[in-house]
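A.B. asks: Next up, protein_36.cif (mmCIF, C-alpha atoms).
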```cif
data_target
loop_
_atom_site.label_atom_id
_atom_site.label_comp_id
_atom_site.auth_asym_id
_atom_site.auth_seq_id
_atom_site.Cartn_x
_atom_site.Cartn_y
_atom_site.Cartn_z
CA MET A 1 99.90 115.30 144.02
CA GLY A 2 100.92 118.71 142.79
CA ASN A 3 101.45 120.01 139.32
CA SER A 4 101.46 116.70 137.45
CA GLU A 5 97.96 115.89 138.69
CA ILE A 6 96.73 119.37 137.76
CA ARG A 7 98.24 119.08 134.27
CA ARG A 8 96.53 115.70 133.81
CA LEU A 9 93.21 117.23 134.83
CA ASP A 10 93.82 120.15 132.44
CA ARG A 11 94.21 117.67 129.58
CA GLU A 12 91.03 115.87 130.61
CA ILE A 13 89.17 119.19 130.79
CA VAL A 14 90.29 120.10 127.27
CA THR A 15 89.16 116.68 126.05
CA ALA A 16 85.79 117.08 127.76
CA GLU A 17 85.35 120.52 126.18
CA ARG A 18 86.13 119.06 122.75
CA LYS A 19 83.61 116.26 123.35
CA LEU A 20 80.92 118.74 124.37
CA GLU A 21 81.55 120.90 121.30
CA ALA A 22 81.50 117.84 119.04
CA ALA A 23 78.22 116.67 120.56
CA ARG A 24 76.73 120.12 119.95
CA ASN A 25 77.83 119.84 116.32
CA GLY A 26 76.07 116.50 115.96
CA GLU A 27 79.15 114.30 115.80
CA LEU A 28 78.89 110.74 117.10
CA TRP A 29 82.42 110.08 118.36
CA PRO A 30 81.96 111.51 121.88
CA LEU A 31 78.87 109.40 122.56
CA THR A 32 78.76 106.21 124.57
CA GLY A 33 77.66 102.98 122.91
CA SER A 34 74.12 103.15 124.23
CA GLU A 35 73.78 106.79 123.18
CA LYS A 36 74.98 105.96 119.67
CA ARG A 37 72.48 103.12 119.47
CA LYS A 38 69.63 105.41 120.58
CA VAL A 39 70.60 108.11 118.06
CA ILE A 40 70.87 105.64 115.20
CA THR A 41 67.52 104.09 116.15
CA ALA A 42 65.88 107.52 116.14
CA LEU A 43 67.45 108.31 112.75
CA ALA A 44 66.25 105.00 111.35
CA GLY A 45 62.75 105.67 112.65
CA GLY A 46 62.75 109.09 111.02
CA SER A 47 63.98 107.75 107.69
CA ARG A 48 61.35 104.99 107.83
CA ALA A 49 58.67 107.64 108.34
CA VAL A 50 60.00 109.64 105.40
CA VAL A 51 59.96 106.61 103.13
CA ARG A 52 56.37 105.86 104.11
CA GLY A 53 55.35 109.49 103.69
CA ASN A 54 54.54 110.03 107.36
CA SER A 55 55.49 112.81 109.73
CA THR A 56 58.93 112.73 111.32
CA THR A 57 58.02 114.77 114.41
CA ARG A 58 58.30 111.81 116.78
CA ALA A 59 61.81 110.95 115.58
CA GLU A 60 62.85 114.61 115.64
CA SER A 61 61.61 115.11 119.19
CA LYS A 62 63.39 111.91 120.24
CA LEU A 63 66.64 113.20 118.72
CA ASP A 64 66.16 116.54 120.46
CA ARG A 65 65.64 114.85 123.83
CA LEU A 66 68.71 112.68 123.25
CA SER A 67 70.87 115.66 122.34
CA VAL A 68 69.80 117.48 125.51
CA GLN A 69 70.60 114.39 127.61
CA ILE A 70 73.99 113.97 125.95
CA GLU A 71 74.90 117.64 126.39
CA SER A 72 73.84 117.60 130.03
CA ARG A 73 75.94 114.47 130.70
CA LEU A 74 79.01 115.98 129.06
CA SER A 75 78.47 119.30 130.84
CA ALA A 76 78.22 117.50 134.17
CA GLU A 77 81.47 115.65 133.46
CA LEU A 78 83.16 118.92 132.56
CA SER A 79 81.96 120.73 135.67
CA ALA A 80 83.03 117.79 137.86
CA LEU A 81 86.51 117.88 136.36
CA ARG A 82 86.74 121.62 136.92
CA THR A 83 85.63 121.19 140.54
CA VAL A 84 88.29 118.54 141.14
CA ARG A 85 90.90 120.80 139.55
CA GLU A 86 89.97 123.70 141.82
CA THR A 87 90.11 121.41 144.85
CA LEU A 88 93.59 120.22 143.87
CA ILE A 89 94.79 123.78 143.35
CA ARG A 90 93.40 124.80 146.74
CA GLU A 91 95.04 121.83 148.47
CA ASP A 92 98.36 122.50 146.73
CA ALA A 93 98.30 126.16 147.80
CA LYS A 94 97.44 125.17 151.37
CA THR A 95 100.32 122.68 151.48
CA LYS A 96 102.76 125.26 150.13
CA ALA A 97 101.58 127.85 152.66
CA GLN A 98 101.99 125.37 155.51
CA ALA A 99 105.49 124.46 154.33
CA LYS A 100 106.42 128.12 154.13
CA ALA A 101 105.05 128.78 157.62
CA ALA A 102 106.91 125.76 159.00
CA LYS A 103 110.14 126.95 157.41
CA LYS A 104 109.71 130.42 158.92
CA SER A 105 108.90 129.09 162.38
CA SER A 106 111.91 126.81 162.45
CA GLY A 107 114.32 129.69 161.95
CA TRP A 108 117.41 130.43 163.94
CA TRP A 109 115.57 132.38 166.61
#
```
Go through the file and emit its structure as structure tokens.
C.D. replies:
Amino acid sequence: MGNSEIRRLDREIVTAERKLEAARNGELWPLTGSEKRKVITALAGGSRAVVRGNSTTRAESKLDRLSVQIESRLSAELSALRTVRETLIREDAKTKAQAKAAKKSSGWW
């Protein structure tokens, strides 16, 4: 595995961080299709309530719940990627240490 796998994970971590920041800013691009549909439905429900002169608290609370769910999903993805990266780094260091020990033990003496 080695460095190339770690670099790939680093790129994925940066992408996941950008997605999380974009979701916190209210952007739609990092959302899945079902999440986009739910957000748009909640927005439509809120605009319908505004047009009719009703309260928008139900739509607002639905959007708040959705944003919390989206942020928690993206945070979980980010923490999983970081955990995998740490595991790869640990395994790489262990392999290098074993190779170094094998090289020392197979010396001239």
A.B. asks: Hey, could you pull the box centre and edge lengths for region 18-34 of chain A, axis-aligned, 8 Å padding per side, all listed atoms, to one decimal in Å, as AutoDock Vina command-line options?
C.D. replies:
```
--center_x 80.1 --center_y 111.9 --center_z 120.2 --size_x 28.0 --size_y 33.9 --size_z 24.8
```
A.B. asks: Could you give me, as a list in words, the residues within 12 Å of Gly46 (chain A), counting only C-alpha atoms and dropping anything in the same chain fewer than 2 positions from it?
C.D. replies: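 The neighbour list is Val39, Ile40, Thr41, Ala42, Leu43, Ala44, Arg48, Ala49, Val50, Val51, Arg52, Gly53, Asn54, Ser55, Thr56, Thr57, Arg58, Ala59, Glu60, Ser61, Lys62 and Leu63 of chain A.
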A.B. asks: Take the residues from that selection and put them in a file with C-alpha atoms, as a PDB file, in the coordinates of the input.
C.D. replies:
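What ended up in result-v3.pdb:
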```
ATOM      1  CA  VAL A  39      70.600 108.110 118.060  1.00  0.00           C
ATOM      2  CA  ILE A  40      70.870 105.640 115.200  1.00  0.00           C
ATOM      3  CA  THR A  41      67.520 104.090 116.150  1.00  0.00           C
ATOM      4  CA  ALA A  42      65.880 107.520 116.140  1.00  0.00           C
ATOM      5  CA  LEU A  43      67.450 108.310 112.750  1.00  0.00           C
ATOM      6  CA  ALA A  44      66.250 105.000 111.350  1.00  0.00           C
ATOM      7  CA  ARG A  48      61.350 104.990 107.830  1.00  0.00           C
ATOM      8  CA  ALA A  49      58.670 107.640 108.340  1.00  0.00           C
ATOM      9  CA  VAL A  50      60.000 109.640 105.400  1.00  0.00           C
ATOM     10  CA  VAL A  51      59.960 106.610 103.130  1.00  0.00           C
ATOM     11  CA  ARG A  52      56.370 105.860 104.110  1.00  0.00           C
ATOM     12  CA  GLY A  53      55.350 109.490 103.690  1.00  0.00           C
ATOM     13  CA  ASN A  54      54.540 110.030 107.360  1.00  0.00           C
ATOM     14  CA  SER A  55      55.490 112.810 109.730  1.00  0.00           C
ATOM     15  CA  THR A  56      58.930 112.730 111.320  1.00  0.00           C
ATOM     16  CA  THR A  57      58.020 114.770 114.410  1.00  0.00           C
ATOM     17  CA  ARG A  58      58.300 111.810 116.780  1.00  0.00           C
ATOM     18  CA  ALA A  59      61.810 110.950 115.580  1.00  0.00           C
ATOM     19  CA  GLU A  60      62.850 114.610 115.640  1.00  0.00           C
ATOM     20  CA  SER A  61      61.610 115.110 119.190  1.00  0.00           C
ATOM     21  CA  LYS A  62      63.390 111.910 120.240  1.00  0.00           C
ATOM     22  CA  LEU A  63      66.640 113.200 118.720  1.00  0.00           C
TER      23      LEU A  63
END
```
A.B. asks: I want to know what sits within 6 Å of region 11-22 of chain A, based on only C-alpha atoms, with residues of the same chain fewer than 6 positions away left out; could you give that as a PyMOL selection string?
C.D. replies: chain A and resi 30+74+78
A.B. asks: Tell me which of A:Asn3, A:Ser106, A:Ser34, A:Asn25 sits closest to Ala93 (chain A), counting all atoms listed in the file.
C.D. replies: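 So, comparing all the options, the nearest one is A:Asn3.
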A.B. asks: Extract, using all atoms listed in the file, all DNA, RNA and protein residues at most 10 Å from Ile6 (chain A), discarding same-chain residues fewer than 5 positions from it, and format them as a list in words.
C.D. replies: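 The contact residues come out as Met1, Arg11, Glu12, Val84, Arg85, Glu86, Thr87, Leu88, Ile89 and Asp92 of chain A.
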A.B. asks: What is the CA of Asp10 (chain A) to CA of Glu91 (chain A) distance in Å?
C.D. replies: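 We find that CA of Asp10 (chain A) and CA of Glu91 (chain A) lie 16.2 Å from each other.
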A.B. asks: For the structure provided, state which residues fall under the PyMOL selection byres ((chain A and resi 32) around 12), and present them as a PyMOL selection string.
C.D. replies: chain A and resi 19+23+27-31+33-39+69-70+73-74
A.B. asks: Using CA of Lys94 (chain A) and CA of Arg82 (chain A) as the two end points, give the distance in Å to one decimal.
C.D. replies: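 Result for CA of Lys94 (chain A) versus CA of Arg82 (chain A): 18.3 Å, one decimal.
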A.B. asks: With all atoms listed in the file as the atoms that count, which of A:Leu9, A:Arg24, A:Lys104, A:Gly45 lies nearest to Ser75 (chain A)?
C.D. replies: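 With all atoms listed in the file as the atom set, the closest residue is A:Arg24.
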A.B. asks: Quick check, in Å to one decimal: how far apart do CA of Arg7 (chain A) and CA of Leu81 (chain A) lie?
C.D. replies: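 Going from CA of Arg7 (chain A) over to CA of Leu81 (chain A), I get 12.0 Å.
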